[in-house]
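Scroll down for the structure; my scribbles are underneath it.
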Amino acid sequence: MIAAMMTAANLGTKITGWGFVVFTIGSIAWAGVGLTTGQPSLAITNGFLLLVNLFGVWRWLGRQARHETGSENAEQRSRARAHVPSLYSGASAIGANVFDSSGEKVGTVVDTMHDCESRALSYVVISQGGVGGAGETLRAIAPADLAFDSDGLHCDLSPEQITAIPPIDEKAWPAVAPPALASNSNDLSFASTAKGLFHAEA
C-alpha cells in the first residue's frame with residue numbers, strides 16, 4: 001500500500017524509485033511465504049513481480065536518476081559561467097511551480113508546447129486549483145511572460161491578469177501561441193482583448 005501510494009503520487013524520480021524498493025521487499029517477503037508454506041503459485045507470482053520491481057528500481061534510481069543528475073550539473077555549470085547562457089531542464093519543467101509577479105504560487109506546469117518550424121517554445125500550460133487533477137483549470141501562458149529559474153517558473157503577470165486568461169479545453173489545447181502580456185501589465189483592458197482574440201483564434 002505504501003509503495004503504491006509512493007509510485008502513484010508521481011512526486012519525483014527518487015520517491016518513485018524508493019516506491020519500487022518497497023515493492024521489491026514485499027515481493028521477496030511474499031515469495032518467501034509461498035516457499036515456506038507450500039504455495040508455489042504465490043512464490044512464482046512474486047518471483048516474477050520481484051524481477052519487475054528490480055527493473056523499476058534500476059529505471060528510477062539508476063538510469064533516470066543519472067539523467068537528472070546530469071541535467072542538474074549542466075544547469076549549475078551554465079549559471080556559474082558569465083558568458084554562457086543559463087540552461088534549464090525541459091524534464092524538470094513538468095510539475096514545476098509557477099509564481100506570479102508578486103512571488104505567490106499560482107499553479108504548476110502541466111506541459112510545454114513547441115513550434116516545430118522555429119524550434120522555439122510556443123506556450124506553457126499551467127494547472128490551477130482542483131484536487132489531484134480533478135476540478136483543475138488549465139491556462140496557456142506565453143513564454144515571453146515567463147522566466148525559468150531553479151525553483152520553478154516566474155510569471156511577469158499580475159494575479160489578476162493570470163486569472164483573466166480564458167481557460168483552455170483540457171482535450172483541445174490551442175493551435176496557436178497566446179500573446180505576451182507582460183509589456184502591457186498595467187493595461188488589463190488590452191490583456192482582456194488580446195486574450196479574447198487568442199481564445200477565438202484557438
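Please note that chains go A, B, ... in the order of the C-alpha cells, that every chain numbers its residues from 1, and that ligands are numbered from 1 in the order shown.
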
Given only C-alpha atoms, how would the per-residue table for stretch 36-94 of chain A near stretch 128-147 of chain A read, listing every residue at most 12 Å away with its closest atom pair and distance in Å to one decimal, sorted by chain and number, as JSON lines?
```
{"residue": "A:Ser86", "atom": "CA", "partner": "A:Ala147", "partner_atom": "CA", "distance": 11.3}
{"residue": "A:Leu87", "atom": "CA", "partner": "A:Ala147", "partner_atom": "CA", "distance": 11.7}
{"residue": "A:Tyr88", "atom": "CA", "partner": "A:Ala147", "partner_atom": "CA", "distance": 10.3}
{"residue": "A:Ala93", "atom": "CA", "partner": "A:Ala147", "partner_atom": "CA", "distance": 11.4}
```

Write out, as a PDB file, in the first residue's frame, the residues just selected, with all heavy atoms.
```
ATOM      1  N   SER A  86      22.301  30.510 -19.432  1.00  0.00           N
ATOM      2  CA  SER A  86      21.840  29.596 -18.387  1.00  0.00           C
ATOM      3  C   SER A  86      20.918  28.544 -18.990  1.00  0.00           C
ATOM      4  O   SER A  86      20.083  28.840 -19.841  1.00  0.00           O
ATOM      5  CB  SER A  86      21.096  30.368 -17.294  1.00  0.00           C
ATOM      6  OG  SER A  86      21.966  31.265 -16.641  1.00  0.00           O
ATOM      7  N   LEU A  87      21.080  27.315 -18.533  1.00  0.00           N
ATOM      8  CA  LEU A  87      20.278  26.204 -19.030  1.00  0.00           C
ATOM      9  C   LEU A  87      19.173  25.849 -18.051  1.00  0.00           C
ATOM     10  O   LEU A  87      19.294  26.107 -16.850  1.00  0.00           O
ATOM     11  CB  LEU A  87      21.166  24.979 -19.267  1.00  0.00           C
ATOM     12  CG  LEU A  87      22.285  25.122 -20.302  1.00  0.00           C
ATOM     13  CD1 LEU A  87      23.129  23.847 -20.342  1.00  0.00           C
ATOM     14  CD2 LEU A  87      21.716  25.428 -21.678  1.00  0.00           C
ATOM     15  N   TYR A  88      18.115  25.249 -18.590  1.00  0.00           N
ATOM     16  CA  TYR A  88      17.006  24.782 -17.753  1.00  0.00           C
ATOM     17  C   TYR A  88      16.517  23.469 -18.345  1.00  0.00           C
ATOM     18  O   TYR A  88      16.243  23.380 -19.539  1.00  0.00           O
ATOM     19  CB  TYR A  88      15.874  25.803 -17.728  1.00  0.00           C
ATOM     20  CG  TYR A  88      14.775  25.482 -16.737  1.00  0.00           C
ATOM     21  CD1 TYR A  88      14.868  25.904 -15.410  1.00  0.00           C
ATOM     22  CD2 TYR A  88      13.657  24.752 -17.109  1.00  0.00           C
ATOM     23  CE1 TYR A  88      13.873  25.616 -14.488  1.00  0.00           C
ATOM     24  CE2 TYR A  88      12.660  24.456 -16.192  1.00  0.00           C
ATOM     25  CZ  TYR A  88      12.771  24.893 -14.891  1.00  0.00           C
ATOM     26  OH  TYR A  88      11.785  24.588 -13.979  1.00  0.00           O
ATOM     27  N   ALA A  93      10.700  20.960 -15.998  1.00  0.00           N
ATOM     28  CA  ALA A  93       9.636  21.963 -16.121  1.00  0.00           C
ATOM     29  C   ALA A  93       8.276  21.355 -15.812  1.00  0.00           C
ATOM     30  O   ALA A  93       7.412  22.017 -15.218  1.00  0.00           O
ATOM     31  CB  ALA A  93       9.634  22.566 -17.520  1.00  0.00           C
TER      32      ALA A  93
END
```

Chain A: residues DSSP assigns to strand (DSSP E), reported as an MDAnalysis selection string = chainID A and resid 97:99 105:114 121:128 137:141 146:149 152:155

Those same residues - C-alpha atoms - I'd like them written as a PDB file, in the first residue's frame.
```
ATOM      1  CA  ASN A  97       5.728  25.537  -9.545  1.00  0.00           C
ATOM      2  CA  VAL A  98       4.620  28.748 -11.253  1.00  0.00           C
ATOM      3  CA  PHE A  99       4.830  32.053  -9.355  1.00  0.00           C
ATOM      4  CA  LYS A 105       2.459  30.350  -6.268  1.00  0.00           C
ATOM      5  CA  VAL A 106      -0.339  30.350  -8.837  1.00  0.00           C
ATOM      6  CA  GLY A 107      -0.120  26.863 -10.331  1.00  0.00           C
ATOM      7  CA  THR A 108       2.046  24.085 -11.693  1.00  0.00           C
ATOM      8  CA  VAL A 109       3.308  23.293 -15.181  1.00  0.00           C
ATOM      9  CA  VAL A 110       1.356  20.586 -16.995  1.00  0.00           C
ATOM     10  CA  ASP A 111       3.256  20.629 -20.289  1.00  0.00           C
ATOM     11  CA  THR A 112       5.247  22.762 -22.712  1.00  0.00           C
ATOM     12  CA  MET A 113       4.329  23.118 -26.393  1.00  0.00           C
ATOM     13  CA  HIS A 114       6.992  23.799 -29.014  1.00  0.00           C
ATOM     14  CA  LEU A 121       8.865  27.299 -27.064  1.00  0.00           C
ATOM     15  CA  SER A 122       5.326  28.217 -28.148  1.00  0.00           C
ATOM     16  CA  TYR A 123       3.478  28.255 -24.820  1.00  0.00           C
ATOM     17  CA  VAL A 124       3.352  26.668 -21.385  1.00  0.00           C
ATOM     18  CA  VAL A 125       0.198  25.090 -19.983  1.00  0.00           C
ATOM     19  CA  ILE A 126      -0.294  25.565 -16.246  1.00  0.00           C
ATOM     20  CA  SER A 127      -2.794  23.966 -13.892  1.00  0.00           C
ATOM     21  CA  GLN A 128      -4.617  25.891 -11.197  1.00  0.00           C
ATOM     22  CA  THR A 137      -8.256  24.911 -14.555  1.00  0.00           C
ATOM     23  CA  LEU A 138      -5.768  24.932 -17.433  1.00  0.00           C
ATOM     24  CA  ARG A 139      -4.333  28.129 -18.915  1.00  0.00           C
ATOM     25  CA  ALA A 140      -1.786  28.764 -21.674  1.00  0.00           C
ATOM     26  CA  ILE A 141       0.974  31.263 -20.885  1.00  0.00           C
ATOM     27  CA  LEU A 146       7.793  33.518 -18.046  1.00  0.00           C
ATOM     28  CA  ALA A 147      11.282  33.255 -16.602  1.00  0.00           C
ATOM     29  CA  PHE A 148      12.816  29.869 -15.839  1.00  0.00           C
ATOM     30  CA  ASP A 149      14.663  29.512 -12.543  1.00  0.00           C
ATOM     31  CA  GLY A 152      10.319  26.950 -10.909  1.00  0.00           C
ATOM     32  CA  LEU A 153       8.796  29.386 -13.393  1.00  0.00           C
ATOM     33  CA  HIS A 154       8.261  33.048 -12.556  1.00  0.00           C
ATOM     34  CA  CYS A 155       5.455  34.816 -14.413  1.00  0.00           C
TER      35      CYS A 155
END
```

What are the DSSP alpha helix (DSSP H) residues of stretch 60-183 of chain A, as an MDAnalysis selection string?
-> chainID A and resid 64:80 90:93 159:164

Could you please take those selected residues and save C-alpha atoms as a CSV table (one decimal), in the first residue's frame?
```
chain,number,residue,atom,x,y,z
A,64,GLN,CA,16.6,8.2,-14.6
A,65,ALA,CA,18.5,9.4,-11.5
A,66,ARG,CA,21.7,9.6,-13.6
A,67,HIS,CA,19.9,11.6,-16.3
A,68,GLU,CA,18.6,14.1,-13.7
A,69,THR,CA,22.0,14.4,-12.1
A,70,GLY,CA,23.5,15.2,-15.5
A,71,SER,CA,20.9,17.9,-16.3
A,72,GLU,CA,21.3,19.4,-12.8
A,73,ASN,CA,25.1,19.6,-13.2
A,74,ALA,CA,24.7,21.2,-16.6
A,75,GLU,CA,22.3,23.8,-15.1
A,76,GLN,CA,24.7,24.6,-12.3
A,77,ARG,CA,27.8,24.9,-14.6
A,78,SER,CA,25.9,27.1,-17.0
A,79,ARG,CA,24.9,29.5,-14.2
A,80,ALA,CA,28.5,29.6,-12.9
A,90,GLY,CA,12.8,20.6,-20.0
A,91,ALA,CA,12.0,17.5,-18.0
A,92,SER,CA,12.1,19.4,-14.7
A,93,ALA,CA,9.6,22.0,-16.1
A,159,PRO,CA,-2.6,37.6,-10.3
A,160,GLU,CA,-5.5,39.5,-11.9
A,161,GLN,CA,-4.1,39.1,-15.4
A,162,ILE,CA,-3.4,35.4,-14.9
A,163,THR,CA,-7.0,34.8,-13.7
A,164,ALA,CA,-8.3,36.8,-16.6
```

Restricting to only C-alpha atoms, whichever of A:Ser41, A:Thr24, A:Thr36, A:Thr7 is closest to A:Phe55 is A:Thr24

Between atom CA of A:Ala4 and atom CA of A:Gly19, what is the distance, to one decimal in Å?
->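 Rounded to one decimal, the two atoms are 7.0 Å apart.
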
Just give me the gap between atom CA of A:Asp169 and atom CA of A:Arg119 in Å, one decimal is fine.
->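 Interatomic distance, atom CA of A:Asp169 to atom CA of A:Arg119: 24.5 Å.
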
Gap from atom CA of A:Gly17 to atom CA of A:Asn53 - Å, one decimal | 9.5 Å

Could you give me, as a ChimeraX atom specification, the residues within 12 Å of A:Gly34, counting only C-alpha atoms and dropping anything in the same chain fewer than 6 positions from it?
-> /A:27-28,40-47

When distances are computed from only C-alpha atoms, which of A:Val52, A:Asp156, A:Asp115, A:Trp18 shows the smallest separation from A:Ala175?
->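 Nearest to A:Ala175: A:Asp115.
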
Given only C-alpha atoms as the counted atoms, nearest of A:Lys171, A:Ser118, A:Ser89, A:Gly103 to A:Ser150 | A:Ser89
